[in-house]
>>> print(open('data-v4.txt').read())   # compact mmCIF, C-alpha atoms and all ligand atoms
# COMPACT_ATOMS: atom_id res chain seq x y z
CA MET A 99 43.33 -87.66 69.64
CA ASN A 100 41.31 -88.71 66.64
CA LEU A 101 41.95 -92.30 65.61
CA PRO A 102 43.24 -93.71 63.33
CA LEU A 103 46.48 -91.72 63.52
CA TYR A 104 48.27 -90.70 60.36
CA PHE A 105 51.98 -91.50 59.98
CA ASP A 106 52.12 -91.60 56.19
CA TYR A 107 53.12 -88.04 55.26
CA ALA A 108 55.66 -89.28 52.69
CA SER A 109 52.70 -90.67 50.79
CA THR A 110 50.71 -87.47 50.90
CA THR A 111 50.02 -84.46 53.13
CA PRO A 112 46.85 -82.53 53.91
CA VAL A 113 46.49 -79.10 52.31
CA ARG A 114 47.55 -76.52 54.88
CA SER A 115 44.55 -74.41 55.93
CA GLU A 116 46.25 -71.08 55.06
CA VAL A 117 47.05 -72.53 51.63
CA LEU A 118 43.48 -73.69 51.10
CA ASN A 119 42.14 -70.24 52.06
CA LYS A 120 44.34 -68.58 49.45
CA MET A 121 43.09 -71.04 46.83
CA LEU A 122 39.35 -70.83 47.47
CA PRO A 123 38.52 -67.54 45.68
CA TYR A 124 40.10 -68.90 42.51
CA PHE A 125 37.48 -71.66 42.39
CA SER A 126 34.59 -69.20 42.62
CA THR A 127 34.80 -65.44 42.09
CA LEU A 128 38.28 -65.28 40.53
CA TYR A 129 37.71 -67.96 37.92
CA GLY A 130 39.43 -66.34 34.93
CA ASN A 131 41.63 -68.16 32.46
CA ALA A 132 45.17 -66.80 32.57
CA GLY A 133 45.21 -67.14 28.79
CA SER A 134 42.40 -64.55 28.42
CA ASN A 135 44.54 -61.49 28.11
CA LEU A 136 41.80 -59.09 27.00
CA HIS A 137 39.92 -58.71 30.27
CA HIS A 138 40.12 -58.27 34.00
CA PHE A 139 39.27 -61.92 34.87
CA GLY A 140 42.18 -63.18 32.82
CA TRP A 141 44.55 -60.52 34.16
CA LEU A 142 43.78 -61.46 37.78
CA ALA A 143 44.43 -65.13 37.02
CA GLN A 144 47.71 -64.23 35.35
CA GLU A 145 48.71 -62.06 38.33
CA ALA A 146 48.06 -64.97 40.70
CA ILE A 147 50.19 -67.28 38.57
CA ASP A 148 53.00 -64.72 38.40
CA LEU A 149 52.97 -64.43 42.19
CA SER A 150 53.07 -68.23 42.62
CA ARG A 151 55.94 -68.56 40.15
CA ASN A 152 57.87 -65.89 42.07
CA GLN A 153 57.20 -67.62 45.40
CA ILE A 154 58.62 -70.89 44.07
CA ALA A 155 61.54 -69.21 42.29
CA ASP A 156 62.44 -67.29 45.48
CA PHE A 157 62.62 -70.56 47.39
CA PHE A 158 65.08 -72.04 44.90
CA ASP A 159 66.79 -68.71 44.18
CA VAL A 160 66.23 -69.13 40.43
CA LYS A 161 64.57 -67.05 37.73
CA PRO A 162 60.76 -67.40 37.71
CA SER A 163 60.94 -68.49 34.06
CA SER A 164 62.78 -71.67 35.17
CA ILE A 165 59.59 -73.05 36.74
CA ILE A 166 57.25 -75.12 34.55
CA TYR A 167 53.95 -76.17 36.14
CA THR A 168 52.89 -79.78 35.67
CA SER A 169 50.30 -82.11 37.19
CA GLY A 170 52.83 -83.56 39.65
CA ALA A 171 56.16 -85.27 39.92
CA THR A 172 55.23 -88.17 37.63
CA GLU A 173 54.61 -85.75 34.79
CA SER A 174 57.66 -83.66 35.70
CA ASN A 175 59.90 -86.73 35.50
CA ASN A 176 58.46 -87.67 32.11
CA LEU A 177 58.78 -84.13 30.80
CA ALA A 178 62.33 -83.75 32.09
CA ILE A 179 63.72 -87.03 30.82
CA LYS A 180 61.78 -87.54 27.58
CA GLY A 181 61.62 -83.81 26.83
CA TYR A 182 65.39 -83.51 27.16
CA LEU A 183 66.10 -86.56 25.00
CA LYS A 184 63.56 -85.74 22.30
CA GLY A 185 65.27 -84.82 19.05
CA LYS A 186 68.78 -85.83 20.24
CA PRO A 187 70.68 -88.84 18.91
CA LYS A 188 70.22 -91.91 21.13
CA GLY A 189 72.95 -92.59 23.66
CA HIS A 190 73.74 -93.83 27.14
CA LEU A 191 71.71 -92.97 30.25
CA ILE A 192 72.38 -93.47 33.95
CA THR A 193 69.86 -93.95 36.75
CA SER A 194 69.57 -96.19 39.82
CA THR A 195 67.64 -99.24 40.95
CA ILE A 196 66.17 -97.32 43.91
CA GLU A 197 64.37 -94.62 41.91
CA HIS A 198 60.61 -94.24 42.20
CA LYS A 199 58.56 -96.12 39.58
CA ALA A 200 57.79 -92.71 38.07
CA VAL A 201 61.42 -92.70 36.90
CA LEU A 202 62.16 -96.41 36.51
CA GLU A 203 59.25 -97.03 34.14
CA ILE A 204 60.48 -94.21 31.90
CA PHE A 205 63.90 -95.83 31.61
CA SER A 206 62.35 -99.20 30.99
CA HIS A 207 60.56 -97.72 27.97
CA LEU A 208 63.66 -95.88 26.82
CA GLU A 209 65.64 -99.12 26.88
CA LYS A 210 63.02 -100.71 24.61
CA ASP A 211 63.39 -97.68 22.35
CA GLY A 212 67.10 -98.39 21.88
CA TYR A 213 68.85 -96.34 24.58
CA SER A 214 71.43 -98.09 26.72
CA VAL A 215 70.83 -97.62 30.44
CA THR A 216 73.12 -98.22 33.42
CA TYR A 217 71.26 -98.84 36.70
CA LEU A 218 73.45 -97.95 39.66
CA THR A 219 72.88 -100.12 42.74
CA PRO A 220 72.97 -98.85 46.33
CA ASN A 221 75.52 -99.80 48.96
CA GLU A 222 74.40 -101.41 52.25
CA LEU A 223 73.34 -97.98 53.57
CA GLY A 224 71.03 -97.44 50.60
CA GLN A 225 73.35 -94.86 49.04
CA ILE A 226 74.52 -94.45 45.46
CA THR A 227 78.09 -93.20 45.65
CA LYS A 228 79.76 -90.58 43.49
CA GLU A 229 82.40 -93.18 42.60
CA ASP A 230 79.62 -95.38 41.17
CA LEU A 231 78.48 -92.49 39.03
CA MET A 232 82.01 -91.65 37.88
CA ASN A 233 82.65 -95.27 36.90
CA ALA A 234 79.40 -95.51 34.95
CA LEU A 235 79.97 -92.46 32.76
CA GLN A 236 80.72 -93.19 29.10
CA ASP A 237 81.71 -90.96 26.20
CA ASP A 238 78.13 -91.12 24.91
CA THR A 239 76.34 -90.55 28.26
CA ILE A 240 73.62 -87.94 27.69
CA LEU A 241 71.65 -87.84 30.91
CA VAL A 242 71.85 -88.88 34.57
CA SER A 243 68.72 -89.19 36.70
CA LEU A 244 69.27 -89.79 40.42
CA MET A 245 66.73 -88.94 43.09
CA MET A 246 67.50 -86.45 45.86
CA VAL A 247 65.78 -88.31 48.72
CA ASN A 248 64.53 -91.86 48.55
CA ASN A 249 60.81 -92.17 49.24
CA GLU A 250 60.97 -95.54 50.97
CA ILE A 251 63.97 -95.35 53.27
CA GLY A 252 64.66 -91.61 53.31
CA THR A 253 68.35 -91.57 52.31
CA ILE A 254 69.60 -88.20 51.11
CA SER A 255 71.70 -88.58 47.99
CA ASP A 256 75.04 -86.93 47.32
CA TYR A 257 73.32 -84.66 44.78
CA VAL A 258 75.90 -81.85 45.09
CA ALA A 259 78.66 -84.24 44.03
CA PHE A 260 76.44 -85.71 41.28
CA LYS A 261 75.80 -82.23 39.91
CA GLN A 262 79.53 -81.42 39.93
CA ILE A 263 80.38 -84.65 38.13
CA CYS A 264 77.69 -84.02 35.51
CA ASP A 265 78.89 -80.44 35.01
CA ASP A 266 82.49 -81.64 34.62
CA HIS A 267 81.40 -84.12 31.95
CA ALA A 268 78.83 -81.87 30.24
CA VAL A 269 76.02 -84.31 31.03
CA CYS A 270 72.50 -83.25 31.99
CA PHE A 271 71.62 -84.02 35.62
CA HIS A 272 67.96 -84.62 36.45
CA SER A 273 66.82 -85.30 39.99
CA ASP A 274 63.44 -86.34 41.32
CA ALA A 275 63.33 -84.10 44.40
CA THR A 276 59.74 -84.96 45.37
CA GLN A 277 60.73 -86.21 48.83
CA ALA A 278 63.48 -83.65 49.38
CA ILE A 279 61.60 -80.37 49.10
CA GLY A 280 60.61 -79.16 52.54
CA LYS A 281 62.58 -81.99 54.18
CA ILE A 282 66.19 -80.95 53.64
CA LYS A 283 67.81 -77.55 53.43
CA LEU A 284 68.81 -77.53 49.78
CA ASP A 285 72.41 -76.80 48.91
CA LEU A 286 71.76 -74.53 45.95
CA LYS A 287 75.14 -75.16 44.36
CA GLY A 288 73.95 -78.71 43.83
CA LEU A 289 70.68 -77.65 42.21
CA PRO A 290 70.17 -80.14 39.36
CA HIS A 291 69.79 -78.98 35.75
CA LEU A 292 66.29 -80.47 35.82
CA MET A 293 64.42 -81.05 39.08
CA SER A 294 60.96 -82.53 39.67
CA PHE A 295 58.72 -81.70 42.61
CA SER A 296 55.13 -82.26 43.66
CA GLY A 297 52.54 -80.21 45.56
CA HIS A 298 50.87 -82.92 47.58
CA LYS A 299 54.02 -83.78 49.51
CA ILE A 300 54.39 -80.20 50.77
CA TYR A 301 50.88 -79.35 52.05
CA ALA A 302 49.64 -78.13 48.66
CA PRO A 303 46.94 -79.98 46.67
CA LYS A 304 47.25 -83.13 44.62
CA GLY A 305 47.39 -82.68 40.85
CA ILE A 306 49.95 -79.88 40.77
CA GLY A 307 53.72 -79.96 40.68
CA GLY A 308 56.59 -78.51 38.79
CA LEU A 309 59.78 -78.95 36.89
CA LEU A 310 62.70 -76.66 37.46
CA VAL A 311 64.56 -76.17 34.18
CA ASN A 312 68.01 -74.65 34.43
CA ASN A 313 68.51 -71.76 31.99
CA ASN A 314 71.03 -73.57 29.82
CA ILE A 315 68.89 -76.66 29.32
CA LYS A 316 66.46 -77.05 26.45
CA ILE A 317 63.37 -79.18 26.90
CA ASN A 318 60.98 -80.20 24.13
CA ALA A 319 57.25 -80.42 24.72
CA LEU A 320 55.75 -83.91 24.95
CA PHE A 321 52.39 -82.84 23.56
CA ASP A 322 50.98 -80.09 21.37
CA GLY A 323 48.44 -77.47 22.32
CA GLY A 324 47.99 -73.81 23.20
CA GLY A 325 51.67 -73.20 23.94
CA GLN A 326 51.40 -72.36 27.64
CA GLU A 327 54.49 -72.56 29.85
CA ARG A 328 56.84 -71.27 27.14
CA GLY A 329 55.48 -73.89 24.77
CA ILE A 330 56.93 -76.65 26.97
CA ARG A 331 53.69 -77.73 28.65
CA SER A 332 50.46 -76.80 26.92
CA GLY A 333 47.12 -76.78 28.67
CA THR A 334 45.01 -74.23 30.56
CA LEU A 335 46.75 -73.53 33.83
CA PRO A 336 44.89 -74.74 36.97
CA VAL A 337 44.95 -71.38 38.75
CA PRO A 338 43.65 -72.48 42.20
CA LEU A 339 46.18 -75.34 42.38
CA ILE A 340 48.99 -73.06 41.24
CA VAL A 341 48.05 -70.47 43.87
CA GLY A 342 48.16 -73.24 46.51
CA LEU A 343 51.54 -74.51 45.34
CA GLY A 344 53.09 -71.04 45.52
CA TYR A 345 51.83 -70.38 49.05
CA ALA A 346 52.88 -73.85 50.19
CA PHE A 347 56.46 -72.94 49.24
CA THR A 348 56.36 -69.83 51.44
CA TYR A 349 55.77 -72.06 54.50
CA LEU A 350 58.66 -74.43 53.78
CA PRO A 351 61.34 -72.49 55.72
CA GLU A 352 59.09 -72.65 58.80
CA ILE A 353 58.39 -76.35 58.20
CA LEU A 354 62.13 -77.04 57.88
CA SER A 355 62.67 -75.52 61.32
CA PHE A 356 60.85 -78.53 62.85
CA ASP A 357 63.61 -80.88 61.71
CA GLN A 358 65.22 -81.37 65.14
CA LYS A 359 61.84 -82.18 66.66
CA LEU A 360 61.27 -84.86 64.02
CA LEU A 361 64.75 -86.25 64.52
CA GLY A 362 63.94 -86.63 68.22
CA PHE A 363 60.69 -88.46 67.40
CA ASN A 364 62.44 -90.69 64.89
CA LEU A 365 65.13 -91.68 67.44
CA ARG A 366 62.53 -92.33 70.14
CA ILE A 367 60.56 -94.74 67.94
CA LYS A 368 63.69 -96.49 66.74
CA GLU A 369 65.19 -96.88 70.21
CA ALA A 370 61.94 -98.05 71.79
CA LEU A 371 61.41 -100.77 69.19
CA LEU A 372 65.02 -101.86 69.06
CA SER A 373 65.19 -102.17 72.83
CA ASN A 374 62.16 -104.47 72.90
CA PHE A 375 62.55 -106.40 69.66
CA LYS A 376 66.28 -106.24 68.93
CA ASN A 377 66.37 -109.63 67.22
CA SER A 378 63.32 -109.08 65.03
CA ILE A 379 63.65 -105.49 63.82
CA LEU A 380 65.95 -104.47 61.03
CA ILE A 381 66.32 -100.72 60.46
CA ASN A 382 66.38 -99.83 56.76
CA SER A 383 66.81 -96.07 57.28
CA LYS A 384 70.34 -96.49 58.57
CA SER A 385 72.40 -94.09 56.51
CA PRO A 386 73.82 -91.19 58.55
CA SER A 387 72.51 -89.07 55.70
CA ASN A 388 68.79 -89.68 56.15
CA ILE A 389 65.82 -87.34 56.45
CA SER A 390 64.37 -87.21 59.95
CA SER A 391 60.77 -87.69 58.85
CA ILE A 392 61.11 -91.22 57.37
CA LEU A 393 61.82 -94.33 59.42
CA SER A 394 61.69 -97.64 57.57
CA MET A 395 62.13 -100.94 59.34
CA SER A 396 61.50 -104.56 58.49
CA VAL A 397 60.08 -107.06 60.95
CA ASN A 398 61.50 -110.57 60.87
CA GLY A 399 59.43 -113.54 61.96
CA VAL A 400 55.91 -112.32 61.22
CA HIS A 401 53.98 -112.74 58.00
CA TRP A 402 53.38 -109.37 56.34
CA GLU A 403 49.64 -109.96 56.03
CA ASP A 404 49.33 -110.65 59.77
CA LEU A 405 51.44 -107.60 60.45
CA PHE A 406 49.35 -105.19 58.40
CA ASN A 407 46.02 -106.75 59.33
CA SER A 408 46.81 -106.06 62.97
CA LEU A 409 47.95 -102.46 62.56
CA THR A 410 44.54 -100.94 61.88
CA THR A 411 44.66 -97.91 64.16
CA ILE A 412 47.67 -96.30 62.55
CA ALA A 413 48.12 -95.24 58.94
CA ILE A 414 51.57 -96.28 57.79
CA SER A 415 52.98 -97.63 54.56
CA ASN A 416 54.72 -100.87 53.71
CA GLY A 417 57.26 -99.18 51.49
CA SER A 418 56.05 -97.11 48.62
CA ALA A 419 52.39 -96.07 48.72
CA CYS A 420 52.25 -96.38 44.96
CA ASN A 421 52.87 -100.11 45.36
CA VAL A 422 50.35 -100.91 48.04
CA LYS A 423 47.99 -102.84 45.78
CA ALA A 424 50.75 -105.06 44.53
CA THR A 425 52.02 -107.91 46.62
CA ASN A 426 55.38 -107.67 44.96
CA PRO A 427 58.12 -106.74 47.39
CA SER A 428 59.46 -103.22 47.12
CA HIS A 429 62.19 -102.90 44.50
CA VAL A 430 64.10 -100.57 46.85
CA LEU A 431 64.18 -103.10 49.69
CA THR A 432 65.12 -105.95 47.39
CA ALA A 433 67.88 -103.72 45.99
CA LEU A 434 69.11 -103.51 49.60
CA GLY A 435 69.27 -107.31 49.64
CA HIS A 436 66.03 -108.14 51.48
CA LYS A 437 64.32 -111.42 50.65
CA ARG A 438 60.67 -111.23 49.55
CA ASP A 439 59.05 -111.95 52.94
CA LEU A 440 61.23 -109.55 54.89
CA ALA A 441 60.75 -106.81 52.29
CA LEU A 442 56.98 -107.27 52.49
CA SER A 443 57.05 -107.04 56.29
CA THR A 444 58.34 -103.48 56.20
CA LEU A 445 56.87 -100.55 58.08
CA ARG A 446 57.51 -97.07 56.70
CA ILE A 447 56.61 -94.47 59.31
CA SER A 448 56.67 -90.92 57.99
CA LEU A 449 56.24 -87.86 60.16
CA SER A 450 55.25 -84.23 59.71
CA TYR A 451 55.85 -80.93 61.44
CA MET A 452 52.27 -81.45 62.66
CA THR A 453 53.08 -84.75 64.42
CA THR A 454 52.77 -84.36 68.19
CA GLU A 455 54.55 -85.89 71.19
CA LYS A 456 51.27 -87.55 72.20
CA GLU A 457 50.92 -89.19 68.79
CA ILE A 458 54.43 -90.58 69.09
CA ASP A 459 53.64 -91.89 72.60
CA PHE A 460 50.59 -93.64 71.17
CA LEU A 461 52.51 -95.04 68.19
CA ILE A 462 55.29 -96.50 70.33
CA HIS A 463 52.88 -98.04 72.82
CA TYR A 464 50.68 -99.40 70.02
CA LEU A 465 53.55 -100.95 68.05
CA ASN A 466 55.02 -102.44 71.23
CA GLU A 467 51.74 -104.12 72.13
CA LYS A 468 51.02 -105.41 68.62
CA LEU A 469 54.52 -106.68 67.97
CA LYS A 470 54.63 -108.41 71.37
CA LYS A 471 51.58 -110.43 70.35
CA LEU A 472 52.72 -111.08 66.80
CA LEU A 473 56.25 -112.14 67.66
CA VAL A 474 55.41 -114.75 70.32
N1 LIG B 501 58.71 -89.46 42.89
C1 LIG B 501 58.77 -89.74 44.20
C2 LIG B 501 60.10 -89.90 44.86
C3 LIG B 501 57.59 -89.88 44.95
O1 LIG B 501 57.66 -90.16 46.25
C4 LIG B 501 56.35 -89.73 44.29
C5 LIG B 501 55.05 -89.89 45.05
N2 LIG B 501 54.92 -91.08 45.75
C6 LIG B 501 56.34 -89.45 42.92
C7 LIG B 501 57.53 -89.32 42.26
C8 LIG B 501 55.06 -89.26 42.17
O2 LIG B 501 54.58 -87.99 42.44
P1 LIG B 501 53.14 -87.48 41.95
O3 LIG B 501 52.18 -88.18 42.85
O4 LIG B 501 53.17 -86.01 42.21
O5 LIG B 501 53.00 -87.82 40.53
>>> encode(input="data-v4.txt", output="structure tokens")
Amino acid sequence: MNLPLYFDYASTTPVRSEVLNKMLPYFSTLYGNAGSNLHHFGWLAQEAIDLSRNQIADFFDVKPSSIIYTSGATESNNLAIKGYLKGKPKGHLITSTIEHKAVLEIFSHLEKDGYSVTYLTPNELGQITKEDLMNALQDDTILVSLMMVNNEIGTISDYVAFKQICDDHAVCFHSDATQAIGKIKLDLKGLPHLMSFSGHKIYAPKGIGGLLVNNNIKINALFDGGGQERGIRSGTLPVPLIVGLGYAFTYLPEILSFDQKLLGFNLRIKEALLSNFKNSILINSKSPSNISSILSMSVNGVHWEDLFNSLTTIAISNGSACNVKATNPSHVLTALGHKRDLALSTLRISLSYMTTEKEIDFLIHYLNEKLKKLLV
């Protein structure tokens, strides 16, 4: 085993070797610009992009034209929400307090721009309920944005019900599905009108992602340029990254088949720690509707700096990786009612289909030893 061990796959994943191999020629010999439609180099680039778009569309069972390539989920969220609202009269919007910052910051700006925003709050299991959504709808509600899987605690949202409610009320439903793709078997009848996803969470490279745009939804571009991606997202397409994203999608059904294995690992870690430190460990990933690859728990009675300074041989997160430089407690954990110190002393362990039994043995033994010392 090579140390340190990685248990932070919700933060990012390595590029799968088969995916990397498919990408490599497009950095060197096949370097054409898909926009060059007068020669062979351009045609080959365009062919590769068409194949990738089909691979992604097949996975979601949608038309290839519904897929818009972006630089990642942050851009997809911005394009979805701002692109949908652009040109429409201002109105009421609904989101939740447990969204990723890549959604929350957008709403914070929209509020300053004169939109009214309702922030739904989670119940004690970390879930937003369909009743909450129903109660929040107003006559002037234009858009709902609720994530599919929470990146910090792993709860799976009731997105099928959210979609139905939005359809019934003729409201656009956007969902940030960054942590859902490749982790849950999607119920396609709940496919949101707009859905964001990212390559680097599914063994494709960083810097590429996409937005699924349902046929009936119109999105306006956020910036001007060469008119690529049906005029919705201008800019020369990054062919190697797009090739990688497409192939990464073809491996997702296989990756999903590891779910039971991950559930077993998740239960083993949880049970081992609870049996030894019952009074100090608080499980945050406690909804029955939770992905098997994320286990979040808070440790009572140890200062978060001591906790993380001692855990040097394993790579885990203290909540959201995007927040690691800030010493502010996670907004998701505080939304669950945690006080600052407890929220900061949170371990988010995230697993992959590549995680092995031996790695889990090491992790459990390591955490047991460290916590024993820290909790004396
Ligand atoms: N949304 C969620 C739920 C995420 O977990 C992340 C990544 N941490 C993002 C958005 C941002 O994605 P990207 O890095 O592709 O911009």
>>> closest_atom_pairs(input="data-v4.txt", of="chain A", to="ligand LIG 501 (chain B)", cutoff="8 Å", atoms="all atoms listed in the file", output="Markdown table")
| residue | atom | partner | partner_atom | distance |
| --- | --- | --- | --- | --- |
| A:Ala108 | CA | B:LIG501 | O1 | 6.8 |
| A:Ser109 | CA | B:LIG501 | N2 | 5.5 |
| A:Thr110 | CA | B:LIG501 | N2 | 7.6 |
| A:Ser169 | CA | B:LIG501 | O4 | 7.0 |
| A:Gly170 | CA | B:LIG501 | O4 | 3.6 |
| A:Ala171 | CA | B:LIG501 | O4 | 3.8 |
| A:Thr172 | CA | B:LIG501 | O5 | 3.7 |
| A:Glu173 | CA | B:LIG501 | O5 | 6.3 |
| A:Ser174 | CA | B:LIG501 | O5 | 7.9 |
| A:Asn175 | CA | B:LIG501 | C7 | 7.6 |
| A:Glu197 | CA | B:LIG501 | C2 | 7.0 |
| A:His198 | CA | B:LIG501 | C2 | 5.1 |
| A:Lys199 | CA | B:LIG501 | C7 | 7.4 |
| A:Ala200 | CA | B:LIG501 | C7 | 5.4 |
| A:Val201 | CA | B:LIG501 | N1 | 7.3 |
| A:Met245 | CA | B:LIG501 | C2 | 6.9 |
| A:Val247 | CA | B:LIG501 | C2 | 7.0 |
| A:Asn248 | CA | B:LIG501 | C2 | 6.1 |
| A:Asn249 | CA | B:LIG501 | O1 | 4.8 |
| A:Glu250 | CA | B:LIG501 | O1 | 7.9 |
| A:Asp274 | CA | B:LIG501 | N1 | 5.9 |
| A:Ala275 | CA | B:LIG501 | C2 | 6.7 |
| A:Thr276 | CA | B:LIG501 | C2 | 5.0 |
| A:Gln277 | CA | B:LIG501 | C2 | 5.5 |
| A:Ser294 | CA | B:LIG501 | N1 | 8.0 |
| A:Phe295 | CA | B:LIG501 | O4 | 7.0 |
| A:Ser296 | CA | B:LIG501 | O4 | 4.5 |
| A:Gly297 | CA | B:LIG501 | O4 | 6.7 |
| A:His298 | CA | B:LIG501 | O4 | 6.6 |
| A:Lys299 | CA | B:LIG501 | C5 | 7.6 |
| A:Lys304 | CA | B:LIG501 | O4 | 7.0 |
| A:Gly305 | CA | B:LIG501 | O4 | 6.8 |
| A:Ile306 | CA | B:LIG501 | O4 | 7.1 |
| A:Gly307 | CA | B:LIG501 | O4 | 6.3 |
| A:Ser418 | CA | B:LIG501 | N2 | 6.8 |
| A:Ala419 | CA | B:LIG501 | N2 | 6.3 |
| A:Cys420 | CA | B:LIG501 | N2 | 6.0 |
>>> atom_distance(input="data-v4.txt", atom1="atom CA of Ile300 of chain A", atom2="atom CA of Ser408 of chain A")
29.6 Å
>>> axis_aligned_box(input="data-v4.txt", around="segment 358-370 of chain A", padding_each_side="4 Å", output="lines of an AutoDock Vina configuration file")
center_x = 62.9
center_y = -89.7
center_z = 67.9
size_x = 12.7
size_y = 24.7
size_z = 15.8
>>> atom_distance(input="data-v4.txt", atom1="atom CA of Leu365 of chain A", atom2="atom CA of Ile353 of chain A")
19.1 Å
>>> atom_distance(input="data-v4.txt", atom1="atom CA of Gln153 of chain A", atom2="atom CA of Thr348 of chain A")
6.5 Å
>>> closest_residue(input="data-v4.txt", among="A:Leu445, A:Leu142, A:Ile154, A:Ile165", to="Phe347 of chain A", atoms="all atoms listed in the file")
A:Ile154
>>> closest_residue(input="data-v4.txt", among="A:Ser194, A:Ser385, A:Asn221, A:Thr411", to="Glu457 of chain A", atoms="only C-alpha atoms")
A:Thr411
>>> residues_near_point(input="data-v4.txt", point="(58.7, -81.9, 33.4)", cutoff="9 Å", atoms="only C-alpha atoms", output="PyMOL selection string")
chain A and resi 166-168+170-181+292-294+308-311+317+319+330-331
